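Notes for the one structure printed next.
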Amino acid sequence: MSGSGISRRTVVASSLAAAFASVAALPVLAQTAAPRFSGIIVDVRPLYAKGLGPFADTLRAALEAELARNFGDRLGGGRNAPRLVVRITGVSMASYVGRDGGRFFGGGVPNDYLEGEALVVAPNGQILVRHPQLSALPANSGGAWYDPASEQRRVVALAAHYAGWLRRSPI
C-alpha cells in the first residue's frame with residue numbers, strides 16, 4: 001500500500017479505539033439519562049374532580065407503593081434534585097370481566113385502563129420532562145369476578161403495570 005499514506009492496520013486500530021471509548025462512556029451516558037429524584041408524588045386530584053374519592057385514595061396508595069418499588073434506586077437525589085410527579089387523569093374498569101362473545105364470535109376479555117402523565121419537576125417548579133402514558137390490562141387480572149377482593153387486586157395490578165412501564169420510559 002504505497003501511495004495512500006494510511007495503512008489498513010491504522011484504520012482498524014483507530015476504529016477499535018473509538019469503539020472502546022464509546023463503550024467506556026456508556027456508564028456516564030446512563031447516569032445522565034436517568035436522573036435521581038428527591039421524591040415521588042402521586043396526584044389523583046383529577047379523579048377526585050370526577051367523584052372518585054375513596055377509589056382515588058386506594059389507587060394512590062397502590063401506585064405510591066409500586067413507584068417506590070420501581071424507582072427506589074433513583075430516589076435520594078437531595079433537595080436540589082427534581083421530583084417525579086405522577087398525575088392520574090383517568091381510569092376505566094370494565095364492569096364485566098367475562099368474555100364478550102363466544103369462542104367463534106371474536107369475543108375477548110375487556111380491559112381496565114389507567115391514564116395519566118409523569119412529570120419531572122425541577123425544584124423551581126419548571127417541568128423538565130412530560131411523559132403521557134396509558135396502561136391497559138385484561139379486566140380479569142384481579143382473579144375471579146365473584147371474589148369480593150377482585151376489584152382491589154385489579155387496582156393493584158393496574159398500578160403495578162403503570163409503574164413498571166413508567167420505569168421503562170425515558171424519564
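Numbering starts fresh at 1 for the residues of each chain in the C-alpha cells, the chains themselves are lettered A, B, ... in the order given, and ligands are numbered from 1 as they appear.
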
Using only C-alpha atoms, which residues of stretch 104-138 of chain A come within 12 Å of stretch 35-50 of chain A, and what is the closest atom pair for each, with the distance in Å to one decimal? Give it as CSV, sorted by chain and residue number.
```
residue,atom,partner,partner_atom,distance
A:Leu114,CA,A:Leu47,CA,11.1
A:Glu115,CA,A:Leu47,CA,10.7
A:Gly116,CA,A:Val44,CA,9.4
A:Glu117,CA,A:Asp43,CA,9.9
A:Ala118,CA,A:Val42,CA,9.2
A:Leu119,CA,A:Ile41,CA,9.7
A:Val120,CA,A:Phe37,CA,8.4
A:Val121,CA,A:Phe37,CA,9.3
A:Ala122,CA,A:Phe37,CA,9.6
A:Pro123,CA,A:Ser38,CA,9.1
A:Leu128,CA,A:Pro35,CA,11.2
A:Val129,CA,A:Pro35,CA,11.2
```

Query raised in the report: What residues in stretch 53-90 of chain A get the DSSP label strand (DSSP E or B)? Please answer as a ChimeraX atom specification.
Result: /A:75,83-90

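Neighbours of A:Arg69 closer than or equal to 10 Å, with only C-alpha atoms counted and sequence neighbours fewer than 3 positions away skipped, come out as Leu63, Glu64, Ala65, Glu66, Gly72, Asp73, Ala160, Ala163 and Gly164 of chain A.
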
Could those selected residues go to a file with C-alpha atoms, as an mmCIF file, in the first residue's frame?
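The new file selection34.cif reads:
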```
data_model
loop_
_atom_site.group_PDB
_atom_site.id
_atom_site.type_symbol
_atom_site.label_atom_id
_atom_site.label_comp_id
_atom_site.auth_asym_id
_atom_site.auth_seq_id
_atom_site.Cartn_x
_atom_site.Cartn_y
_atom_site.Cartn_z
ATOM 1 C CA LEU A 63 -49.388 3.477 42.882
ATOM 2 C CA GLU A 64 -47.172 5.062 45.553
ATOM 3 C CA ALA A 65 -46.066 1.590 46.673
ATOM 4 C CA GLU A 66 -45.361 0.417 43.124
ATOM 5 C CA GLY A 72 -36.300 3.107 44.708
ATOM 6 C CA ASP A 73 -32.807 3.095 43.234
ATOM 7 C CA ALA A 160 -48.011 -2.228 39.053
ATOM 8 C CA ALA A 163 -45.301 1.902 37.334
ATOM 9 C CA GLY A 164 -43.448 -0.877 35.529
#
```

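Among the candidates A:Arg130, A:Arg74, A:Arg168, A:Arg60, the one nearest to A:Val155 when counting only C-alpha atoms is A:Arg60.
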
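Among the residues of stretch 30-120 of chain A, backbone DSSP assigns alpha helix (DSSP H) to Ala30, Gln31, Thr32, Ala33, Arg45, Pro46, Leu47, Tyr48, Ala49, Gly53, Pro54, Phe55, Ala56, Asp57, Thr58, Leu59, Arg60, Ala61, Ala62, Leu63, Glu64, Ala65, Glu66, Leu67, Ala68, Arg69, Asn70 and Phe71 of chain A.
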
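Picture a line from atom CA of A:Ile127 to atom CA of A:Gly77; it runs 17.0 Å.
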
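As for atom CA of A:Leu166 and atom CA of A:Gln133, they are spaced 7.7 Å apart.
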
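Atom CA of A:Pro132 sits 16.2 Å away from atom CA of A:Arg83.
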
Can you list, as a PDB file with N, CA and C atoms, in the first residue's frame, every protein, DNA or RNA residue that comes within 12 Å of stretch 149-154 of chain A when you count only C-alpha atoms, leaving out same-chain residues fewer than 3 positions away?
```pdb
ATOM      1  N   PRO A  54     -62.882   7.826  47.357  1.00  0.00           N
ATOM      2  CA  PRO A  54     -62.326   6.627  48.005  1.00  0.00           C
ATOM      3  C   PRO A  54     -61.537   5.738  47.031  1.00  0.00           C
ATOM      4  N   PHE A  55     -62.019   5.609  45.813  1.00  0.00           N
ATOM      5  CA  PHE A  55     -61.291   4.834  44.811  1.00  0.00           C
ATOM      6  C   PHE A  55     -59.949   5.492  44.514  1.00  0.00           C
ATOM      7  N   ALA A  56     -59.932   6.828  44.394  1.00  0.00           N
ATOM      8  CA  ALA A  56     -58.691   7.560  44.125  1.00  0.00           C
ATOM      9  C   ALA A  56     -57.675   7.337  45.243  1.00  0.00           C
ATOM     10  N   ASP A  57     -58.146   7.295  46.488  1.00  0.00           N
ATOM     11  CA  ASP A  57     -57.247   7.047  47.622  1.00  0.00           C
ATOM     12  C   ASP A  57     -56.632   5.656  47.540  1.00  0.00           C
ATOM     13  N   THR A  58     -57.432   4.665  47.182  1.00  0.00           N
ATOM     14  CA  THR A  58     -56.939   3.288  47.037  1.00  0.00           C
ATOM     15  C   THR A  58     -55.910   3.211  45.918  1.00  0.00           C
ATOM     16  N   LEU A  59     -56.221   3.835  44.796  1.00  0.00           N
ATOM     17  CA  LEU A  59     -55.302   3.839  43.662  1.00  0.00           C
ATOM     18  C   LEU A  59     -54.005   4.561  44.014  1.00  0.00           C
ATOM     19  N   ALA A  61     -52.551   4.936  46.936  1.00  0.00           N
ATOM     20  CA  ALA A  61     -51.741   4.099  47.836  1.00  0.00           C
ATOM     21  C   ALA A  61     -51.048   2.976  47.062  1.00  0.00           C
ATOM     22  N   ALA A  62     -51.782   2.326  46.159  1.00  0.00           N
ATOM     23  CA  ALA A  62     -51.193   1.242  45.365  1.00  0.00           C
ATOM     24  C   ALA A  62     -50.105   1.770  44.438  1.00  0.00           C
ATOM     25  N   VAL A  91     -59.358   6.712  34.710  1.00  0.00           N
ATOM     26  CA  VAL A  91     -59.359   5.282  34.987  1.00  0.00           C
ATOM     27  C   VAL A  91     -60.666   4.714  34.452  1.00  0.00           C
ATOM     28  N   SER A  92     -60.582   3.523  33.900  1.00  0.00           N
ATOM     29  CA  SER A  92     -61.772   2.846  33.412  1.00  0.00           C
ATOM     30  C   SER A  92     -61.625   1.376  33.749  1.00  0.00           C
ATOM     31  N   MET A  93     -62.585   0.875  34.490  1.00  0.00           N
ATOM     32  CA  MET A  93     -62.570  -0.539  34.850  1.00  0.00           C
ATOM     33  C   MET A  93     -63.841  -1.170  34.313  1.00  0.00           C
ATOM     34  N   ALA A  94     -63.673  -2.218  33.546  1.00  0.00           N
ATOM     35  CA  ALA A  94     -64.804  -2.901  32.922  1.00  0.00           C
ATOM     36  C   ALA A  94     -65.751  -3.438  33.999  1.00  0.00           C
ATOM     37  N   SER A  95     -67.026  -3.357  33.721  1.00  0.00           N
ATOM     38  CA  SER A  95     -67.996  -3.834  34.708  1.00  0.00           C
ATOM     39  C   SER A  95     -68.159  -5.346  34.669  1.00  0.00           C
ATOM     40  N   TYR A  96     -67.778  -5.963  33.587  1.00  0.00           N
ATOM     41  CA  TYR A  96     -67.905  -7.414  33.455  1.00  0.00           C
ATOM     42  C   TYR A  96     -66.568  -7.966  32.997  1.00  0.00           C
ATOM     43  N   VAL A  97     -66.064  -8.971  33.704  1.00  0.00           N
ATOM     44  CA  VAL A  97     -64.737  -9.478  33.384  1.00  0.00           C
ATOM     45  C   VAL A  97     -64.777 -10.823  32.662  1.00  0.00           C
ATOM     46  N   ASN A 111     -60.887  -4.777  28.916  1.00  0.00           N
ATOM     47  CA  ASN A 111     -59.709  -4.236  29.584  1.00  0.00           C
ATOM     48  C   ASN A 111     -60.043  -3.194  30.640  1.00  0.00           C
ATOM     49  N   ASP A 112     -59.120  -3.057  31.591  1.00  0.00           N
ATOM     50  CA  ASP A 112     -59.098  -1.943  32.534  1.00  0.00           C
ATOM     51  C   ASP A 112     -58.017  -0.981  32.042  1.00  0.00           C
ATOM     52  N   TYR A 113     -58.239   0.320  32.230  1.00  0.00           N
ATOM     53  CA  TYR A 113     -57.295   1.330  31.740  1.00  0.00           C
ATOM     54  C   TYR A 113     -56.935   2.304  32.852  1.00  0.00           C
ATOM     55  N   LEU A 114     -55.672   2.751  32.828  1.00  0.00           N
ATOM     56  CA  LEU A 114     -55.190   3.794  33.725  1.00  0.00           C
ATOM     57  C   LEU A 114     -54.435   4.797  32.876  1.00  0.00           C
ATOM     58  N   ALA A 136     -53.109  -0.562  29.891  1.00  0.00           N
ATOM     59  CA  ALA A 136     -54.301  -1.402  29.699  1.00  0.00           C
ATOM     60  C   ALA A 136     -53.970  -2.823  30.131  1.00  0.00           C
ATOM     61  N   LEU A 137     -54.860  -3.389  30.913  1.00  0.00           N
ATOM     62  CA  LEU A 137     -54.718  -4.767  31.380  1.00  0.00           C
ATOM     63  C   LEU A 137     -56.048  -5.482  31.218  1.00  0.00           C
ATOM     64  N   PRO A 138     -56.022  -6.782  31.010  1.00  0.00           N
ATOM     65  CA  PRO A 138     -57.281  -7.522  30.975  1.00  0.00           C
ATOM     66  C   PRO A 138     -58.025  -7.355  32.305  1.00  0.00           C
ATOM     67  N   ALA A 139     -59.306  -7.176  32.233  1.00  0.00           N
ATOM     68  CA  ALA A 139     -60.112  -6.953  33.437  1.00  0.00           C
ATOM     69  C   ALA A 139     -60.087  -8.147  34.378  1.00  0.00           C
ATOM     70  N   ASN A 140     -59.727  -9.301  33.902  1.00  0.00           N
ATOM     71  CA  ASN A 140     -59.673 -10.462  34.779  1.00  0.00           C
ATOM     72  C   ASN A 140     -58.324 -10.584  35.496  1.00  0.00           C
ATOM     73  N   SER A 141     -57.509  -9.528  35.464  1.00  0.00           N
ATOM     74  CA  SER A 141     -56.205  -9.562  36.130  1.00  0.00           C
ATOM     75  C   SER A 141     -56.334  -9.639  37.645  1.00  0.00           C
ATOM     76  N   GLY A 142     -57.499  -9.361  38.167  1.00  0.00           N
ATOM     77  CA  GLY A 142     -57.727  -9.441  39.609  1.00  0.00           C
ATOM     78  C   GLY A 142     -58.270 -10.779  40.058  1.00  0.00           C
ATOM     79  N   GLY A 143     -58.352 -11.715  39.149  1.00  0.00           N
ATOM     80  CA  GLY A 143     -58.871 -13.030  39.511  1.00  0.00           C
ATOM     81  C   GLY A 143     -60.363 -13.127  39.233  1.00  0.00           C
ATOM     82  N   ALA A 144     -60.987 -14.071  39.867  1.00  0.00           N
ATOM     83  CA  ALA A 144     -62.403 -14.361  39.644  1.00  0.00           C
ATOM     84  C   ALA A 144     -63.267 -13.145  39.985  1.00  0.00           C
ATOM     85  N   TRP A 145     -64.185 -12.809  39.096  1.00  0.00           N
ATOM     86  CA  TRP A 145     -65.019 -11.616  39.258  1.00  0.00           C
ATOM     87  C   TRP A 145     -65.907 -11.694  40.495  1.00  0.00           C
ATOM     88  N   TYR A 146     -66.257 -12.879  40.913  1.00  0.00           N
ATOM     89  CA  TYR A 146     -67.170 -13.028  42.042  1.00  0.00           C
ATOM     90  C   TYR A 146     -66.460 -12.934  43.391  1.00  0.00           C
ATOM     91  N   ALA A 157     -53.008  -4.377  40.311  1.00  0.00           N
ATOM     92  CA  ALA A 157     -52.408  -4.829  39.049  1.00  0.00           C
ATOM     93  C   ALA A 157     -52.231  -3.662  38.083  1.00  0.00           C
ATOM     94  N   LEU A 158     -53.231  -2.778  37.999  1.00  0.00           N
ATOM     95  CA  LEU A 158     -53.113  -1.598  37.139  1.00  0.00           C
ATOM     96  C   LEU A 158     -51.969  -0.696  37.599  1.00  0.00           C
ATOM     97  N   ALA A 159     -51.860  -0.487  38.905  1.00  0.00           N
ATOM     98  CA  ALA A 159     -50.784   0.356  39.449  1.00  0.00           C
ATOM     99  C   ALA A 159     -49.422  -0.260  39.154  1.00  0.00           C
ATOM    100  N   ALA A 160     -49.292  -1.558  39.322  1.00  0.00           N
ATOM    101  CA  ALA A 160     -48.011  -2.228  39.053  1.00  0.00           C
ATOM    102  C   ALA A 160     -47.646  -2.139  37.579  1.00  0.00           C
ATOM    103  N   HIS A 161     -48.633  -2.320  36.720  1.00  0.00           N
ATOM    104  CA  HIS A 161     -48.400  -2.239  35.271  1.00  0.00           C
ATOM    105  C   HIS A 161     -47.970  -0.831  34.879  1.00  0.00           C
TER     106      HIS A 161
END
```
